[in-house]
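Just below is one structure, and these are the notes that go with it.
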Amino acid sequence: MTRSARPIAARAAAGTLLVTALALAGCAGGADPAPEGGGGFDPEEEIELQIAWWGNDERSAIMAEAIDLFEAEYPNITVVEQPVGAPDDLFNRLATDFASGTAPDVFALGGAKPQEYGAAGALLDLSTVSEQLPTDAYPEFTLSSAMVDDTLYGLPTGGNAIGVLINPTIFEAAGVELPDASWTWEDFTETANEISANAGDGIVGLDLRVQDVLGTYAAQYTETGIYDWDGELSVDADVIQQWYEMEQELVEAGGLPDPSVIVEHWNVTPDLSLFGTGKAGMTFAYSNQIGAYQGGTGAEVQLLTPPSSTGVSGVAVLPSQFWAIASESKHPEAAALLVDWLLNQPEPAELILANRGLPFNPDTLAVVEPLLAPADALSAEYVGTILEVGVEAPPQPAGGAMLNELSQRIESDILFGNTSPEDGARQWVEELSAALAND
């Protein structure tokens with residue numbers, strides 16, 4: 001059963017770099033209202049748009065082809081592509097661009113950035129271009145991370161959800177029965193320990209690379225997960241202590257490898273992880289990463305909902321990225337047509353597929369699903385399951401960007417015996433609370 005969220009606007013924290021940039025540009029604090037749409041799109045006017053995103057060469061090639069189709073559909077619009085490699089490269093550049101008045105018309109945002117930029121006055125209110133960019137097909141929960149004071153500033157490119165990847169070949173070799181969706185954390189730890197004890201060849205039960213699953217775990221014990229709808233911490237140290245005690249017990253019983261091996265694999269790519277090289281029976285991963293993990297396993301991996309000992313799944317479908325339009329764009333209607341093209345039209349959907357997550361627009365998803373590779377098809381099936389049994393999570397506040405680094409750092413201190421789970425959990429709460437208070 002999906003847990004409904006309180007219908008209030010999530011907190012929007014404006015980052016220092018962006019606020020400074022907007023102040024230099026003379027548009028911070030709402031001094032200059034965003035240009036209103038509705039002036040109409042003139043198909044005879046020669047228009048140039050800039051669009052920026054992050055990603056690899058494959059994404060750039062897909063985008064180039066999709067934009068070529070857009071320019072053929074709208075021959076009066078020329079689109080200048082401005083790809084960068086990493087998200088931070090784009091965000092740092094945007095701060096400079098806003099300060100100089102040269103921000104791209106359309107750009108990708110992720111995490112807490114839509115709220116941060118929206119609160120700072122950098123983004124166009126999408127209701128002003130609803131004729132060119134309808135948003136009514138999107139489920140309400142997919143939009144909350146881009147809402148500030150009931151105003152929508154971005155549209156999600158698609159979504160994914162965290163789950164447990166399972167290598168059935170390893171389970172079979174270890175003589176361990178495959179779990180089902182009814183499993184508990186007690187079942188989970190027992191399964192991991194049995195695999196390590198019986199699979200042989202240095203294979204372990206669990207590969208624990210990222211701590212994002214801690215958000216799912218917290219949501220099984222709290223009303224809203226790690227954060228509440230005001231951007232404050234909603235989980236207490238007792239829940240975090242439980243998680244770290246479980247990790248500690250898994251190391252002691254063998255379900256997890258030696259702490260030095262855990263730390264060594266924190267930052268490797270999925271294909272080089274213990275699970276990705278066929279050396280672990282289970283790992284936590286996002287649904288859009290199935291293909292990346294599956295490559296070296298030699299098995300058709302399965303994806304299962306995380307365990308729960310409370311009857312609440314705790315899993316949320318999360319938007320992977322958002323397309324947003326600069327409030328200072330000279331051509332908001334044309335920019336809206338470009339976003340609509342990338343998210344809502346069938347021709348580019350056949351190219352983009354699940355490159356930025358599975359589409360939330362049902363019509364677009366209907367185009368994409370029959371064309372998906374097997375790994376992406378498994379991801380689509382899983383996301384559909386989470387939409388039925390999952391929860392709605394509040395947006396990550398800006399200060400929450402440190403979550404994975406903080407959780408791994410304290411994990412290391414606990415597993416190497418430098419601190420206790422109780423003290424580590426207390427430190428986790430103190431540091432994250434301070435980060436949230438400072439943003």
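In the structure tokens, the first chain shown is A, the next is B, and so on; residue numbers restart at 1 for each chain, and ligands run from 1 in the order shown.
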DSSP alpha helix (DSSP H) selection over region 350-409 of chain A, as an mmCIF file with N, CA, C and O atoms, in the first residue's frame:
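File result_14.cif, as written:
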data_model
loop_
_atom_site.group_PDB
_atom_site.id
_atom_site.type_symbol
_atom_site.label_atom_id
_atom_site.label_comp_id
_atom_site.auth_asym_id
_atom_site.auth_seq_id
_atom_site.Cartn_x
_atom_site.Cartn_y
_atom_site.Cartn_z
ATOM 1 N N GLU A 350 11.791 7.071 -28.766
ATOM 2 C CA GLU A 350 12.344 5.862 -29.355
ATOM 3 C C GLU A 350 13.870 5.874 -29.364
ATOM 4 O O GLU A 350 14.504 4.818 -29.460
ATOM 5 N N LEU A 351 14.465 7.053 -29.255
ATOM 6 C CA LEU A 351 15.924 7.180 -29.201
ATOM 7 C C LEU A 351 16.432 7.206 -27.764
ATOM 8 O O LEU A 351 17.407 6.552 -27.424
ATOM 9 N N ILE A 352 15.763 7.986 -26.938
ATOM 10 C CA ILE A 352 16.229 8.205 -25.570
ATOM 11 C C ILE A 352 15.992 6.982 -24.703
ATOM 12 O O ILE A 352 16.811 6.631 -23.842
ATOM 13 N N PRO A 362 2.926 8.370 -18.904
ATOM 14 C CA PRO A 362 2.471 7.037 -19.329
ATOM 15 C C PRO A 362 2.479 6.847 -20.838
ATOM 16 O O PRO A 362 2.762 5.736 -21.323
ATOM 17 N N ASP A 363 2.165 7.895 -21.590
ATOM 18 C CA ASP A 363 2.164 7.773 -23.047
ATOM 19 C C ASP A 363 3.570 7.540 -23.578
ATOM 20 O O ASP A 363 3.783 6.746 -24.504
ATOM 21 N N THR A 364 4.545 8.237 -23.013
ATOM 22 C CA THR A 364 5.935 8.045 -23.417
ATOM 23 C C THR A 364 6.422 6.665 -23.013
ATOM 24 O O THR A 364 7.121 5.985 -23.775
ATOM 25 N N LEU A 365 6.061 6.234 -21.813
ATOM 26 C CA LEU A 365 6.471 4.910 -21.350
ATOM 27 C C LEU A 365 5.915 3.815 -22.251
ATOM 28 O O LEU A 365 6.592 2.823 -22.528
ATOM 29 N N ALA A 366 4.698 4.004 -22.753
ATOM 30 C CA ALA A 366 4.097 3.010 -23.648
ATOM 31 C C ALA A 366 4.891 2.883 -24.942
ATOM 32 O O ALA A 366 4.962 1.800 -25.542
ATOM 33 N N VAL A 367 5.501 3.975 -25.388
ATOM 34 C CA VAL A 367 6.355 3.938 -26.574
ATOM 35 C C VAL A 367 7.663 3.221 -26.274
ATOM 36 O O VAL A 367 8.179 2.430 -27.078
ATOM 37 N N VAL A 368 8.211 3.484 -25.094
ATOM 38 C CA VAL A 368 9.548 3.015 -24.742
ATOM 39 C C VAL A 368 9.578 1.532 -24.368
ATOM 40 O O VAL A 368 10.494 0.796 -24.773
ATOM 41 N N PRO A 374 16.741 -6.146 -22.328
ATOM 42 C CA PRO A 374 16.262 -6.982 -21.214
ATOM 43 C C PRO A 374 16.492 -6.372 -19.834
ATOM 44 O O PRO A 374 15.610 -6.429 -18.978
ATOM 45 N N ALA A 375 17.661 -5.786 -19.602
ATOM 46 C CA ALA A 375 17.935 -5.202 -18.283
ATOM 47 C C ALA A 375 17.003 -4.039 -18.002
ATOM 48 O O ALA A 375 16.494 -3.887 -16.883
ATOM 49 N N ASP A 376 16.770 -3.207 -19.004
ATOM 50 C CA ASP A 376 15.866 -2.073 -18.818
ATOM 51 C C ASP A 376 14.419 -2.546 -18.669
ATOM 52 O O ASP A 376 13.628 -1.926 -17.956
ATOM 53 N N ALA A 377 14.070 -3.626 -19.352
ATOM 54 C CA ALA A 377 12.724 -4.177 -19.199
ATOM 55 C C ALA A 377 12.503 -4.689 -17.779
ATOM 56 O O ALA A 377 11.428 -4.509 -17.192
ATOM 57 N N LEU A 378 13.533 -5.310 -17.189
ATOM 58 C CA LEU A 378 13.451 -5.761 -15.799
ATOM 59 C C LEU A 378 13.299 -4.565 -14.872
ATOM 60 O O LEU A 378 12.519 -4.590 -13.910
ATOM 61 N N SER A 379 14.026 -3.498 -15.179
ATOM 62 C CA SER A 379 13.916 -2.274 -14.398
ATOM 63 C C SER A 379 12.506 -1.706 -14.471
ATOM 64 O O SER A 379 11.936 -1.279 -13.457
ATOM 65 N N ALA A 380 11.924 -1.704 -15.670
ATOM 66 C CA ALA A 380 10.564 -1.182 -15.844
ATOM 67 C C ALA A 380 9.566 -1.990 -15.029
ATOM 68 O O ALA A 380 8.664 -1.436 -14.389
ATOM 69 N N GLU A 381 9.721 -3.311 -15.034
ATOM 70 C CA GLU A 381 8.821 -4.171 -14.259
ATOM 71 C C GLU A 381 8.957 -3.868 -12.770
ATOM 72 O O GLU A 381 7.956 -3.796 -12.036
ATOM 73 N N TYR A 382 10.185 -3.659 -12.315
ATOM 74 C CA TYR A 382 10.420 -3.388 -10.903
ATOM 75 C C TYR A 382 9.839 -2.044 -10.492
ATOM 76 O O TYR A 382 9.189 -1.930 -9.441
ATOM 77 N N VAL A 383 10.066 -1.023 -11.300
ATOM 78 C CA VAL A 383 9.513 0.295 -10.985
ATOM 79 C C VAL A 383 7.995 0.219 -10.906
ATOM 80 O O VAL A 383 7.371 0.847 -10.036
ATOM 81 N N GLY A 384 7.383 -0.565 -11.789
ATOM 82 C CA GLY A 384 5.934 -0.746 -11.724
ATOM 83 C C GLY A 384 5.500 -1.363 -10.410
ATOM 84 O O GLY A 384 4.480 -0.976 -9.826
ATOM 85 N N THR A 385 6.287 -2.303 -9.911
ATOM 86 C CA THR A 385 5.992 -2.913 -8.616
ATOM 87 C C THR A 385 6.081 -1.888 -7.489
ATOM 88 O O THR A 385 5.211 -1.831 -6.611
ATOM 89 N N ILE A 386 7.117 -1.056 -7.527
ATOM 90 C CA ILE A 386 7.308 -0.064 -6.467
ATOM 91 C C ILE A 386 6.205 0.987 -6.503
ATOM 92 O O ILE A 386 5.786 1.502 -5.457
ATOM 93 N N LEU A 387 5.711 1.293 -7.686
ATOM 94 C CA LEU A 387 4.604 2.244 -7.761
ATOM 95 C C LEU A 387 3.364 1.708 -7.040
ATOM 96 O O LEU A 387 2.515 2.483 -6.591
ATOM 97 N N GLU A 388 3.274 0.389 -6.902
ATOM 98 C CA GLU A 388 2.143 -0.222 -6.207
ATOM 99 C C GLU A 388 2.391 -0.366 -4.711
ATOM 100 O O GLU A 388 1.479 -0.175 -3.900
ATOM 101 N N VAL A 389 3.621 -0.705 -4.318
ATOM 102 C CA VAL A 389 3.882 -1.045 -2.905
ATOM 103 C C VAL A 389 4.760 -0.027 -2.196
ATOM 104 O O VAL A 389 4.956 -0.121 -0.980
ATOM 105 N N LEU A 403 25.053 12.718 2.341
ATOM 106 C CA LEU A 403 24.555 11.515 2.996
ATOM 107 C C LEU A 403 25.430 10.295 2.742
ATOM 108 O O LEU A 403 25.812 9.588 3.680
ATOM 109 N N ASN A 404 25.747 9.996 1.498
ATOM 110 C CA ASN A 404 26.492 8.771 1.209
ATOM 111 C C ASN A 404 27.903 8.841 1.787
ATOM 112 O O ASN A 404 28.392 7.888 2.394
ATOM 113 N N GLU A 405 28.572 9.997 1.618
ATOM 114 C CA GLU A 405 29.934 10.150 2.163
ATOM 115 C C GLU A 405 29.926 10.012 3.676
ATOM 116 O O GLU A 405 30.761 9.321 4.263
ATOM 117 N N LEU A 406 28.981 10.680 4.327
ATOM 118 C CA LEU A 406 28.875 10.602 5.783
ATOM 119 C C LEU A 406 28.618 9.173 6.243
ATOM 120 O O LEU A 406 29.272 8.671 7.169
ATOM 121 N N SER A 407 27.676 8.500 5.598
ATOM 122 C CA SER A 407 27.303 7.150 6.008
ATOM 123 C C SER A 407 28.460 6.175 5.815
ATOM 124 O O SER A 407 28.697 5.297 6.654
ATOM 125 N N GLN A 408 29.203 6.314 4.721
ATOM 126 C CA GLN A 408 30.342 5.441 4.485
ATOM 127 C C GLN A 408 31.467 5.708 5.485
ATOM 128 O O GLN A 408 32.108 4.771 5.983
ATOM 129 N N ARG A 409 31.706 6.969 5.777
ATOM 130 C CA ARG A 409 32.781 7.326 6.719
ATOM 131 C C ARG A 409 32.518 6.726 8.102
ATOM 132 O O ARG A 409 33.417 6.164 8.735
#
So that I can see what lies close to region 121-124 of chain A, please list as a VMD selection string the residues with an atom at most 6 Å from it, counting only C-alpha atoms and leaving out residues fewer than 5 positions away in the same chain.
chain A and resid 30 153 325 to 327
List the neighbours of region 161-175 of chain A out to 7 Å using only C-alpha atoms; skip same-chain residues closer than 5 positions along the sequence, and give me the result as a list of chain:residue names.
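Those residues are A:Ile195, A:Asn198, A:Ala199, A:Val213, A:Gly281, A:Met282, A:Thr283, A:Phe284, A:Ala285, A:Tyr286, A:Ser287, A:Ala299, A:Val301, A:Gln302, A:Leu303, A:Leu304, A:Thr305, A:Pro306, A:Val315, A:Ala316, A:Val317, A:Leu318, A:Val383.
Here CA of Phe141 (chain A) and CA of Asn361 (chain A) stand 12.4 Å from one another.
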So how far away is CA of Pro83 (chain A) from CA of Trp54 (chain A), in Å?
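Atom-to-atom, CA of Trp54 (chain A) and CA of Pro83 (chain A) are spaced 5.6 Å apart.
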Identify, on the basis of only C-alpha atoms, every residue whose closest approach to Leu256 (chain A) does not exceed 7 Å; exclude the query and any residue fewer than 4 positions from it along the same chain; express the result as a PyMOL selection string.
chain A and resi 204-207+250-251
Quick one: write out the picked residues with all heavy atoms as a tab-separated table (two decimals), in the first residue's frame?
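again_17.tsv was written with the following content:
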chain	number	residue	atom	x	y	z
A	204	VAL	N	31.17	-13.92	-1.45
A	204	VAL	CA	30.50	-13.46	-0.24
A	204	VAL	C	29.01	-13.28	-0.50
A	204	VAL	O	28.58	-13.18	-1.64
A	204	VAL	CB	31.12	-12.14	0.28
A	204	VAL	CG1	32.57	-12.35	0.69
A	204	VAL	CG2	30.99	-11.03	-0.75
A	205	GLY	N	28.27	-13.20	0.59
A	205	GLY	CA	26.83	-13.06	0.44
A	205	GLY	C	26.39	-11.70	-0.02
A	205	GLY	O	25.50	-11.57	-0.86
A	206	LEU	N	27.05	-10.65	0.51
A	206	LEU	CA	26.59	-9.28	0.26
A	206	LEU	C	27.74	-8.38	-0.14
A	206	LEU	O	28.79	-8.36	0.51
A	206	LEU	CB	25.90	-8.71	1.51
A	206	LEU	CG	25.45	-7.25	1.45
A	206	LEU	CD1	24.39	-7.06	0.36
A	206	LEU	CD2	24.92	-6.80	2.80
A	207	ASP	N	27.52	-7.61	-1.19
A	207	ASP	CA	28.42	-6.54	-1.63
A	207	ASP	C	27.74	-5.23	-1.28
A	207	ASP	O	26.72	-4.87	-1.88
A	207	ASP	CB	28.65	-6.67	-3.14
A	207	ASP	CG	29.49	-5.54	-3.72
A	207	ASP	OD1	30.12	-4.80	-2.93
A	207	ASP	OD2	29.52	-5.40	-4.95
A	250	LEU	N	27.03	-8.71	10.25
A	250	LEU	CA	27.28	-9.38	8.97
A	250	LEU	C	28.77	-9.59	8.75
A	250	LEU	O	29.19	-10.64	8.23
A	250	LEU	CB	26.68	-8.56	7.82
A	250	LEU	CG	25.19	-8.76	7.58
A	250	LEU	CD1	24.62	-7.63	6.71
A	250	LEU	CD2	24.92	-10.11	6.93
A	251	VAL	N	29.60	-8.63	9.13
A	251	VAL	CA	31.04	-8.79	9.00
A	251	VAL	C	31.52	-9.91	9.92
A	251	VAL	O	32.31	-10.78	9.52
A	251	VAL	CB	31.77	-7.47	9.31
A	251	VAL	CG1	33.27	-7.72	9.45
A	251	VAL	CG2	31.52	-6.44	8.22
Using only C-alpha atoms, pick whichever of A:Glu177, A:Asp228, A:Asp423, A:Glu347 has the shortest atom-to-atom distance to Tyr244 (chain A).
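So, comparing all the options, the nearest one is A:Asp423.
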Name all residues at most 12 Å from Tyr221 (chain A) (count only C-alpha atoms; drop same-chain ones fewer than 3 positions away) and give them as a list in words.
Leu214, Gly215, Thr216, Tyr217, Ala218, Thr224, Gly225, Ile226, Ser234, Val235, Asp236, Ala237, Asp238, Val239, Ile240, Gln242, Trp243, Ser308, Ser309, Thr310, Gly311, Val312, Ser313, Gly314 and Val315 of chain A
Selection near Pro179 (chain A), 9 Å with only C-alpha atoms, sequence-local residues under 5 positions removed, as a short mmCIF file (atom, residue, chain, number, x, y, z; two decimals) with N, CA and C atoms, in the first residue's frame:
data_model
loop_
_atom_site.label_atom_id
_atom_site.label_comp_id
_atom_site.auth_asym_id
_atom_site.auth_seq_id
_atom_site.Cartn_x
_atom_site.Cartn_y
_atom_site.Cartn_z
N ASP A 187 15.91 -12.54 7.66
CA ASP A 187 16.10 -13.46 6.53
C ASP A 187 17.29 -13.05 5.68
N PHE A 188 17.40 -11.74 5.46
CA PHE A 188 18.45 -11.20 4.61
C PHE A 188 19.84 -11.52 5.18
N THR A 191 20.60 -15.19 4.95
CA THR A 191 20.91 -15.57 3.56
C THR A 191 22.33 -15.18 3.19
N LEU A 304 14.89 -7.62 -6.58
CA LEU A 304 13.87 -7.87 -5.56
C LEU A 304 13.75 -6.66 -4.64
#
Polymer residues at most 12 Å from Glu232 (chain A), only C-alpha atoms, same-chain spacing of 2 or more positions, as an NGL selection string:
:A and (10-13 or 224-230 or 234-236 or 394-400 or 429 or 432-439)
Any chance you could list, as a ChimeraX atom specification, the residues in region 12-257 of chain A that come up strand (DSSP E) when DSSP is run on the backbone?
/A:47-54,77-84,106-109,147-148,151-152,155-160,162-166,204-207
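Using only C-alpha atoms for every distance, the candidate list A:Trp428, A:Phe360, A:Phe322, A:Phe41 yields A:Phe41 as the residue closest to Ala334 (chain A).
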